[in-house]
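final.txt (compact mmCIF, C-alpha atoms and all ligand atoms) appears below.
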# COMPACT_ATOMS: atom_id res chain seq x y z
CA MET A 16 -15.57 1.58 -23.12
CA ASN A 17 -13.69 0.67 -26.28
CA THR A 18 -13.50 4.37 -27.17
CA LEU A 19 -10.89 4.76 -24.42
CA PRO A 20 -7.35 5.11 -25.69
CA ASP A 21 -4.92 2.31 -24.92
CA ASN A 22 -2.18 3.09 -22.45
CA PRO A 23 1.24 3.55 -24.04
CA TYR A 24 2.76 1.40 -21.29
CA VAL A 25 1.99 -0.91 -18.37
CA LEU A 26 2.91 0.42 -14.93
CA LEU A 27 4.90 -1.97 -12.78
CA THR A 28 5.33 0.77 -10.19
CA PRO A 29 3.00 0.43 -7.25
CA GLY A 30 1.61 2.92 -7.30
CA PRO A 31 -0.03 4.30 -9.19
CA LEU A 32 -0.43 1.04 -11.02
CA SER A 33 -2.18 -0.09 -14.20
CA THR A 34 -5.93 -0.02 -13.86
CA SER A 35 -8.56 -1.76 -15.97
CA LYS A 36 -10.51 -0.01 -18.70
CA GLY A 37 -13.64 -0.49 -16.61
CA VAL A 38 -12.11 1.48 -13.73
CA LYS A 39 -11.06 4.30 -16.05
CA ALA A 40 -14.37 4.34 -17.91
CA VAL A 41 -16.57 5.03 -14.88
CA MET A 42 -14.74 8.31 -14.30
CA LEU A 43 -16.34 9.82 -17.41
CA ARG A 44 -19.15 11.52 -15.57
CA ASP A 45 -19.66 14.03 -12.78
CA TRP A 46 -21.34 13.51 -9.43
CA CYS A 47 -23.11 15.83 -7.04
CA THR A 48 -22.05 15.10 -3.50
CA TRP A 49 -24.97 16.10 -1.32
CA ASP A 50 -27.55 13.47 -2.17
CA ASP A 51 -27.84 9.73 -1.64
CA ASP A 52 -26.63 8.54 -5.09
CA TYR A 53 -23.08 9.47 -4.39
CA ASN A 54 -23.05 9.13 -0.62
CA GLY A 55 -24.61 5.69 -1.00
CA ILE A 56 -21.54 4.66 -3.01
CA VAL A 57 -19.32 5.93 -0.18
CA GLN A 58 -21.28 3.92 2.38
CA GLN A 59 -21.05 0.76 0.27
CA ILE A 60 -17.31 1.24 -0.08
CA ARG A 61 -16.92 1.66 3.70
CA ALA A 62 -18.93 -1.49 4.40
CA ARG A 63 -17.02 -3.49 1.78
CA LEU A 64 -13.65 -2.41 3.21
CA VAL A 65 -14.66 -3.70 6.63
CA GLU A 66 -15.67 -7.03 5.04
CA LEU A 67 -12.34 -7.28 3.21
CA ALA A 68 -10.61 -6.72 6.56
CA GLY A 69 -12.40 -9.74 8.00
CA GLY A 70 -15.51 -8.07 9.42
CA GLY A 71 -16.16 -7.78 13.15
CA ASP A 72 -16.49 -4.57 15.10
CA TYR A 73 -14.55 -2.40 12.69
CA THR A 74 -15.45 0.73 10.79
CA ALA A 75 -13.90 2.45 7.77
CA VAL A 76 -12.92 6.06 7.08
CA LEU A 77 -11.89 7.47 3.71
CA MET A 78 -9.48 10.42 3.63
CA GLN A 79 -8.52 12.73 0.77
CA GLY A 80 -4.91 12.69 -0.42
CA SER A 81 -2.33 10.00 -1.13
CA GLY A 82 -1.67 7.13 1.27
CA THR A 83 0.73 9.15 3.42
CA PHE A 84 -2.08 11.59 4.29
CA SER A 85 -4.02 8.69 5.79
CA VAL A 86 -0.97 7.47 7.72
CA GLU A 87 -0.48 10.98 9.08
CA ALA A 88 -4.18 11.35 9.89
CA THR A 89 -4.11 8.05 11.79
CA VAL A 90 -0.92 8.64 13.76
CA GLY A 91 -1.86 12.26 14.45
CA THR A 92 -5.35 11.35 15.68
CA VAL A 93 -5.08 8.07 17.54
CA VAL A 94 -2.00 8.73 19.68
CA PRO A 95 -3.17 11.04 22.49
CA ALA A 96 -1.06 13.90 23.86
CA ASP A 97 0.12 11.74 26.76
CA GLY A 98 0.73 8.68 24.56
CA LYS A 99 3.96 7.39 23.06
CA LEU A 100 4.37 5.71 19.68
CA LEU A 101 6.90 2.99 18.90
CA VAL A 102 7.68 2.86 15.19
CA VAL A 103 9.12 -0.45 13.97
CA ALA A 104 11.00 0.41 10.79
CA ASN A 105 12.93 -1.55 8.19
CA GLY A 106 12.68 0.73 5.22
CA HIS A 107 11.60 4.06 3.85
CA TYR A 108 7.91 3.79 4.71
CA GLY A 109 8.60 2.82 8.32
CA ASP A 110 10.97 5.77 8.55
CA ARG A 111 8.24 8.00 7.15
CA ILE A 112 5.94 7.11 10.07
CA ALA A 113 8.70 8.19 12.46
CA LYS A 114 9.14 11.38 10.46
CA ILE A 115 5.43 12.11 10.83
CA ALA A 116 5.65 11.59 14.62
CA GLU A 117 8.65 13.90 14.75
CA ARG A 118 6.95 16.61 12.69
CA LEU A 119 3.88 16.41 14.94
CA ARG A 120 6.20 16.75 17.98
CA MET A 121 4.78 13.49 19.26
CA ASN A 122 6.47 11.44 21.93
CA HIS A 123 7.86 8.48 20.00
CA ALA A 124 10.64 5.92 19.73
CA LEU A 125 12.12 4.31 16.63
CA LEU A 126 13.13 0.66 16.48
CA ASP A 127 15.31 0.82 13.38
CA LEU A 128 16.08 -2.64 12.02
CA GLY A 129 17.95 -1.42 8.97
CA GLU A 130 16.87 -1.39 5.36
CA VAL A 131 17.15 -5.11 4.81
CA GLY A 132 16.79 -6.27 8.42
CA ARG A 133 13.90 -8.44 9.46
CA ALA A 134 11.32 -6.94 11.87
CA GLU A 135 11.77 -9.66 14.48
CA PRO A 136 8.82 -9.91 16.89
CA ALA A 137 11.20 -10.66 19.79
CA ALA A 138 13.04 -7.37 19.15
CA VAL A 139 9.70 -5.55 19.28
CA GLY A 140 8.85 -7.29 22.56
CA GLU A 141 12.21 -6.24 24.05
CA ALA A 142 11.72 -2.63 22.94
CA LEU A 143 8.28 -2.60 24.57
CA ASP A 144 9.59 -4.08 27.82
CA ALA A 145 12.39 -1.51 27.88
CA ASP A 146 10.00 1.44 27.61
CA PRO A 147 6.74 1.17 29.58
CA ALA A 148 5.68 4.65 28.39
CA ILE A 149 4.83 3.23 24.94
CA THR A 150 1.08 3.10 24.26
CA HIS A 151 0.95 2.57 20.48
CA VAL A 152 2.98 0.53 17.98
CA ALA A 153 3.15 1.12 14.22
CA VAL A 154 4.64 -1.20 11.59
CA VAL A 155 4.55 -1.55 7.80
CA HIS A 156 3.16 -4.83 6.44
CA CYS A 157 4.73 -4.97 2.99
CA GLU A 158 7.75 -2.63 3.08
CA THR A 159 7.56 -1.41 -0.50
CA THR A 160 11.15 -0.11 -0.27
CA THR A 161 12.47 -3.64 -0.63
CA GLY A 162 9.38 -5.82 -1.10
CA MET A 163 9.80 -7.39 2.35
CA LEU A 164 6.75 -8.83 4.09
CA ASN A 165 6.90 -8.16 7.82
CA PRO A 166 5.47 -10.66 10.36
CA VAL A 167 2.55 -8.46 11.44
CA ARG A 168 0.71 -11.29 13.18
CA GLU A 169 3.63 -12.20 15.47
CA ILE A 170 4.38 -8.52 16.16
CA GLY A 171 0.68 -8.04 16.90
CA ALA A 172 0.87 -10.81 19.53
CA GLU A 173 3.67 -8.87 21.31
CA VAL A 174 1.65 -5.65 21.15
CA LYS A 175 -1.60 -7.20 22.35
CA ARG A 176 0.04 -9.21 25.15
CA ARG A 177 0.89 -5.80 26.63
CA GLY A 178 -2.54 -4.30 25.94
CA LEU A 179 -1.25 -1.63 23.53
CA THR A 180 -2.80 -0.13 20.39
CA TYR A 181 -1.59 -1.51 17.06
CA ILE A 182 -1.35 0.42 13.76
CA ILE A 183 -0.45 -1.34 10.49
CA ASP A 184 0.53 0.43 7.27
CA ALA A 185 -0.78 -2.18 4.84
CA MET A 186 -0.73 0.28 1.97
CA SER A 187 0.76 -2.05 -0.62
CA SER A 188 -0.79 -5.32 0.61
CA PHE A 189 -4.42 -4.77 1.63
CA GLY A 190 -6.74 -6.32 -0.95
CA GLY A 191 -3.89 -8.37 -2.44
CA ILE A 192 -2.93 -10.50 0.54
CA PRO A 193 -5.69 -12.05 2.67
CA MET A 194 -5.82 -10.65 6.20
CA ASN A 195 -8.16 -10.59 9.14
CA LEU A 196 -7.61 -7.56 11.36
CA ASP A 197 -8.99 -9.09 14.51
CA GLU A 198 -6.67 -12.10 14.14
CA LEU A 199 -3.72 -9.76 13.61
CA GLY A 200 -4.63 -7.80 16.74
CA CYS A 201 -4.80 -4.74 14.49
CA ASP A 202 -6.63 -1.64 15.72
CA TYR A 203 -5.95 0.59 12.70
CA LEU A 204 -5.08 -0.55 9.19
CA VAL A 205 -4.12 2.09 6.63
CA SER A 206 -4.17 1.63 2.85
CA SER A 207 -5.01 3.61 -0.28
CA ALA A 208 -7.11 3.53 -3.43
CA ASN A 209 -4.30 3.00 -5.92
CA LYS A 210 -2.61 -0.16 -4.68
CA CYS A 211 -3.95 -3.75 -4.49
CA ILE A 212 -7.62 -2.74 -4.83
CA GLN A 213 -6.51 -1.36 -8.22
CA GLY A 214 -8.23 2.03 -8.15
CA VAL A 215 -6.76 5.35 -9.20
CA PRO A 216 -4.86 7.69 -6.83
CA GLY A 217 -6.69 10.36 -4.81
CA PHE A 218 -7.65 9.02 -1.41
CA GLY A 219 -6.56 6.66 1.35
CA PHE A 220 -8.59 4.76 3.90
CA VAL A 221 -8.37 3.43 7.41
CA VAL A 222 -10.15 0.38 8.78
CA ALA A 223 -10.41 1.00 12.52
CA ARG A 224 -11.58 -0.92 15.55
CA ARG A 225 -14.71 1.07 16.30
CA ALA A 226 -14.34 1.13 20.09
CA GLU A 227 -10.79 2.48 19.74
CA LEU A 228 -11.59 5.20 17.21
CA GLU A 229 -14.55 6.36 19.28
CA LYS A 230 -12.10 7.31 22.03
CA CYS A 231 -10.10 9.66 19.80
CA GLU A 232 -12.24 12.79 19.73
CA GLY A 233 -10.18 15.94 20.18
CA ASN A 234 -6.78 14.21 19.83
CA ALA A 235 -5.93 15.36 16.30
CA ARG A 236 -3.03 17.74 15.73
CA SER A 237 -4.53 18.86 12.39
CA LEU A 238 -7.92 20.04 11.19
CA SER A 239 -8.02 18.51 7.71
CA LEU A 240 -6.26 15.31 8.85
CA ASP A 241 -8.53 14.72 11.84
CA LEU A 242 -9.38 11.05 11.34
CA TYR A 243 -11.96 11.05 14.13
CA HIS A 244 -13.86 14.04 12.77
CA GLN A 245 -13.78 12.67 9.22
CA TRP A 246 -15.15 9.35 10.50
CA HIS A 247 -17.79 11.03 12.64
CA GLU A 248 -19.08 12.96 9.64
CA MET A 249 -19.18 9.90 7.36
CA GLU A 250 -20.71 7.73 10.05
CA HIS A 251 -23.42 10.14 11.18
CA LYS A 252 -24.15 11.94 7.92
CA ASN A 253 -24.58 8.88 5.72
CA GLY A 254 -21.25 8.87 3.89
CA LYS A 255 -20.61 12.59 3.69
CA TRP A 256 -17.01 13.79 3.46
CA ARG A 257 -16.05 16.91 5.42
CA TYR A 258 -14.43 18.74 2.53
CA THR A 259 -14.60 18.30 -1.26
CA SER A 260 -14.38 14.61 -1.98
CA PRO A 261 -12.54 13.10 -4.97
CA THR A 262 -15.76 11.99 -6.66
CA HIS A 263 -14.30 10.45 -9.81
CA VAL A 264 -11.70 8.57 -7.79
CA VAL A 265 -14.37 7.30 -5.41
CA ARG A 266 -16.54 6.08 -8.27
CA ALA A 267 -13.52 4.37 -9.84
CA PHE A 268 -12.76 2.73 -6.50
CA ALA A 269 -16.30 1.34 -6.27
CA GLN A 270 -15.78 -0.17 -9.73
CA ALA A 271 -12.40 -1.58 -8.65
CA LEU A 272 -14.03 -3.22 -5.61
CA GLY A 273 -16.62 -4.79 -7.92
CA GLU A 274 -13.87 -6.10 -10.19
CA LEU A 275 -12.05 -7.53 -7.15
CA GLU A 276 -15.21 -9.46 -6.33
CA GLU A 277 -15.60 -10.64 -9.96
CA GLU A 278 -12.05 -11.91 -9.86
CA GLY A 279 -12.97 -14.09 -6.88
CA GLY A 280 -12.04 -11.82 -3.98
CA VAL A 281 -8.76 -11.28 -2.16
CA GLU A 282 -7.82 -15.00 -2.25
CA ALA A 283 -8.04 -15.07 -6.05
CA ARG A 284 -6.17 -11.82 -6.39
CA PHE A 285 -3.48 -13.10 -4.06
CA ARG A 286 -3.09 -16.19 -6.31
CA ARG A 287 -2.77 -14.01 -9.43
CA TYR A 288 -0.20 -11.77 -7.75
CA THR A 289 1.71 -14.83 -6.52
CA ASP A 290 1.69 -16.30 -10.05
CA ASN A 291 2.78 -12.93 -11.48
CA HIS A 292 5.60 -12.82 -8.96
CA ARG A 293 6.75 -16.40 -9.69
CA THR A 294 6.75 -15.77 -13.43
CA LEU A 295 8.71 -12.56 -12.87
CA VAL A 296 11.35 -13.96 -10.52
CA ASP A 297 11.86 -17.25 -12.37
CA GLY A 298 12.19 -15.37 -15.67
CA MET A 299 14.57 -12.75 -14.28
CA ARG A 300 16.76 -15.42 -12.69
CA LYS A 301 16.98 -17.25 -16.03
CA LEU A 302 18.20 -13.99 -17.56
CA GLY A 303 20.92 -13.79 -14.91
CA PHE A 304 19.37 -11.31 -12.45
CA SER A 305 19.34 -11.93 -8.70
CA CYS A 306 17.01 -10.77 -5.94
CA LEU A 307 17.94 -8.58 -2.98
CA LEU A 308 15.94 -10.54 -0.39
CA PRO A 309 15.81 -14.22 0.49
CA ASP A 310 12.68 -15.84 -0.99
CA GLU A 311 11.12 -16.47 2.43
CA TRP A 312 11.02 -12.73 3.25
CA GLN A 313 9.76 -11.67 -0.13
CA SER A 314 6.19 -10.39 -0.73
CA PRO A 315 4.26 -11.22 -3.92
CA VAL A 316 3.84 -7.45 -4.52
CA ILE A 317 7.14 -5.88 -5.53
CA THR A 318 10.63 -7.33 -5.94
CA SER A 319 14.06 -5.67 -5.64
CA PHE A 320 16.62 -6.97 -8.13
CA MET A 321 20.34 -6.28 -8.03
CA ASN A 322 21.55 -4.04 -10.83
CA PRO A 323 23.82 -6.08 -13.14
CA ASP A 324 27.50 -5.65 -12.40
CA HIS A 325 28.54 -4.74 -15.93
CA PRO A 326 30.58 -1.68 -16.97
CA GLU A 327 28.10 -0.70 -19.68
CA TYR A 328 24.95 -1.13 -17.58
CA ASP A 329 23.08 2.06 -16.77
CA PHE A 330 19.63 1.92 -15.11
CA ARG A 331 18.23 4.92 -16.99
CA ARG A 332 19.09 3.39 -20.34
CA PHE A 333 17.70 -0.02 -19.34
CA TYR A 334 14.55 1.75 -18.09
CA GLY A 335 14.22 3.60 -21.41
CA GLU A 336 14.64 0.39 -23.42
CA LEU A 337 11.87 -1.27 -21.40
CA LYS A 338 9.57 1.76 -21.51
CA SER A 339 9.84 1.93 -25.29
CA ARG A 340 8.64 -1.72 -25.29
CA GLY A 341 5.63 -0.81 -23.12
CA TRP A 342 6.84 -1.58 -19.59
CA VAL A 343 7.57 0.93 -16.83
CA ILE A 344 9.69 -0.31 -13.90
CA TYR A 345 10.88 1.39 -10.72
CA PRO A 346 14.28 2.59 -9.53
CA GLY A 347 15.65 1.10 -6.30
CA LYS A 348 15.10 2.74 -2.95
CA VAL A 349 17.61 1.07 -0.64
CA THR A 350 20.87 2.93 -0.08
CA SER A 351 22.88 -0.08 1.09
CA ALA A 352 22.58 -2.02 -2.18
CA ASP A 353 22.45 -1.20 -5.88
CA THR A 354 18.96 -2.26 -6.92
CA PHE A 355 15.95 -1.63 -9.12
CA ARG A 356 12.39 -2.77 -8.49
CA ILE A 357 9.58 -4.37 -10.44
CA GLY A 358 6.04 -4.42 -9.09
CA ASN A 359 3.58 -7.08 -10.18
CA ILE A 360 0.29 -5.76 -8.80
CA GLY A 361 -2.39 -3.99 -10.85
CA ASP A 362 -4.14 -5.04 -14.02
CA VAL A 363 -1.41 -7.50 -15.08
CA THR A 364 -1.47 -11.27 -15.51
CA PRO A 365 1.17 -14.04 -15.48
CA GLN A 366 0.98 -14.00 -19.29
CA GLY A 367 1.79 -10.27 -19.21
CA MET A 368 4.72 -10.94 -16.89
CA GLY A 369 5.95 -13.50 -19.43
CA GLU A 370 5.84 -10.80 -22.10
CA LEU A 371 7.73 -8.49 -19.75
CA ILE A 372 10.48 -11.11 -19.35
CA HIS A 373 10.77 -11.30 -23.12
CA ALA A 374 11.08 -7.49 -23.25
CA VAL A 375 13.71 -7.53 -20.49
CA GLY A 376 15.74 -10.02 -22.55
CA GLU A 377 15.55 -7.67 -25.55
CA SER A 378 16.44 -4.66 -23.39
CA MET A 379 19.70 -6.11 -22.02
CA TYR A 380 21.72 -4.00 -24.42
CA TRP A 381 24.91 -4.50 -22.39
CA ASN A 382 24.88 -8.20 -23.30
CA HIS A 383 24.24 -7.72 -26.99
CA LYS A 384 27.41 -8.43 -28.92
CA GLU A 385 28.04 -6.49 -32.14
C1 LIG B 1 2.57 3.58 -1.30
C2 LIG B 1 2.89 3.45 0.14
C3 LIG B 1 2.59 4.48 1.06
C4 LIG B 1 1.95 5.78 0.68
O1 LIG B 1 2.60 6.45 -0.29
P1 LIG B 1 1.89 7.68 -1.02
O2 LIG B 1 2.92 8.08 -2.03
O3 LIG B 1 1.61 8.71 -0.03
O4 LIG B 1 0.63 7.14 -1.63
C5 LIG B 1 2.83 4.24 2.40
N1 LIG B 1 3.34 3.08 2.82
C6 LIG B 1 3.66 2.08 1.98
C7 LIG B 1 4.21 0.80 2.52
C8 LIG B 1 3.44 2.23 0.60
O5 LIG B 1 3.73 1.22 -0.23
Encoded form using structure tokens:
Amino acid sequence: MNTLPDNPYVLLTPGPLSTSKGVKAVMLRDWCTWDDDYNGIVQQIRARLVELAGGGDYTAVLMQGSGTFSVEATVGTVVPADGKLLVVANGHYGDRIAKIAERLRMNHALLDLGEVGRAEPAAVGEALDADPAITHVAVVHCETTTGMLNPVREIGAEVKRRGLTYIIDAMSSFGGIPMNLDELGCDYLVSSANKCIQGVPGFGFVVARRAELEKCEGNARSLSLDLYHQWHEMEHKNGKWRYTSPTHVVRAFAQALGELEEEGGVEARFRRYTDNHRTLVDGMRKLGFSCLLPDEWQSPVITSFMNPDHPEYDFRRFYGELKSRGWVIYPGKVTSADTFRIGNIGDVTPQGMGELIHAVGESMYWNHKE
């Protein structure tokens, strides 16, 4: 393992994000995909994902591609031809779900709460009462655009009170924030390998209420993104993927799940991320930066900071200064405010975040007097 090169920088961009040496090391071999060695790993991963989601009558499907492929596979498979999807959006990733529905020519409605608007459960309830054709509701848990954490439990109560199907994009929170799908009323949770589980990019996954997914045969609008068929194959052929599976990525993910357990599970990871986030925000505030969102809406995953209002400040130069010191941050994604973002998930600790703050102080070239 110590023959691996060190990374030239730490990624604070979820995702991809910084992974451990252990996760990278297990990718240094090849796997055949037709026997039990490899497919056994897939089955263990599927079982572990269901446990992380709180157990109960759920099942897991892995799907090739980045996280969006799994969102598209879910939406395109679970909403039947005569169904209607309500997308609750307050950011780019919510909008992307609506874009998927539009591209699939699916009957849908968009509840657009604005980029920095809160996804109020009462507003969701009103939208559902106003349109009895709606059968499915989709919302993003941690809206990575801003770092906002949406009240998925309260929204779930509105959805379930009306007996509808509930889809959560928990891409950037699953594995890093404790959650129990049954308690959330969630029927389908979508996430991917390269976020809080701290694997490398290459596949996404869906934890689905088994009885719901079993009803979805023949719904899919796509062959390769047929979530039902992919699940059916994995379920009935002992972990087999339909088409070439990302073997190295899968093996790395199994290692990442083991490391999550060693860390103490999702609760322990949530505490580390929360400590990372506190160290980050307290340090940035001391340096004069301010946050886009009020603290009570903020996730412990990624934070949007306002760009300094200084004539000599330029994000690209600031970014370059930080990168040369070993830290890669993220540009902003909201259009209504001038921001940049820093993620604090991945193989980083509060001590590392302290070092980042020191590097930010050194990189504030616009404050350095001659
Ligand atoms: C990362 C992310 C996605 C998926 O993005 P990909 O680039 O396709 O991996 C979807 N939703 C949210 C909230 C995300 O953070």
Could you name the residues that touch Ile212 in chain A at 6 Å or less, counting all atoms listed in the file, but leaving out those on the same chain fewer than 2 positions away, as a compact mmCIF listing (two decimals) with C-alpha atoms, in the coordinates of the input?
# COMPACT_ATOMS: atom_id res chain seq x y z
CA GLY A 190 -6.74 -6.32 -0.95
CA LYS A 210 -2.61 -0.16 -4.68
CA GLY A 214 -8.23 2.03 -8.15
Excluding Leu199 in chain A and any residue of its chain fewer than 2 positions from it, enumerate the residues within 6 Å of it, using all atoms listed in the file, and give them as number ranges by chain. A: 168, 171, 196-197, 201
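Around Leu337 in chain A, within 10 Å and counting all atoms listed in the file, the residues found are Tyr24, Arg331, Arg332, Phe333, Gly341, Trp342, Val343, Ile344, Leu371, Ala374, Val375, Gly376, Glu377, Ser378 and Met379 of chain A, once anything fewer than 4 positions away on its own chain is removed.
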Return as a PyMOL selection string the residues of protein, DNA or RNA that approach ligand LIG 1 (chain B) to within 6 Å, with all atoms listed in the file taken into account. chain A and resi 81-83+108+155+157-159+184+186-187
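A search radius of 6 Å centred on (-1.4, 15.7, 14.7), applied to only C-alpha atoms, returns the residues Gly91, Thr92, Leu119, Ala235, Arg236 and Ser237 of chain A.
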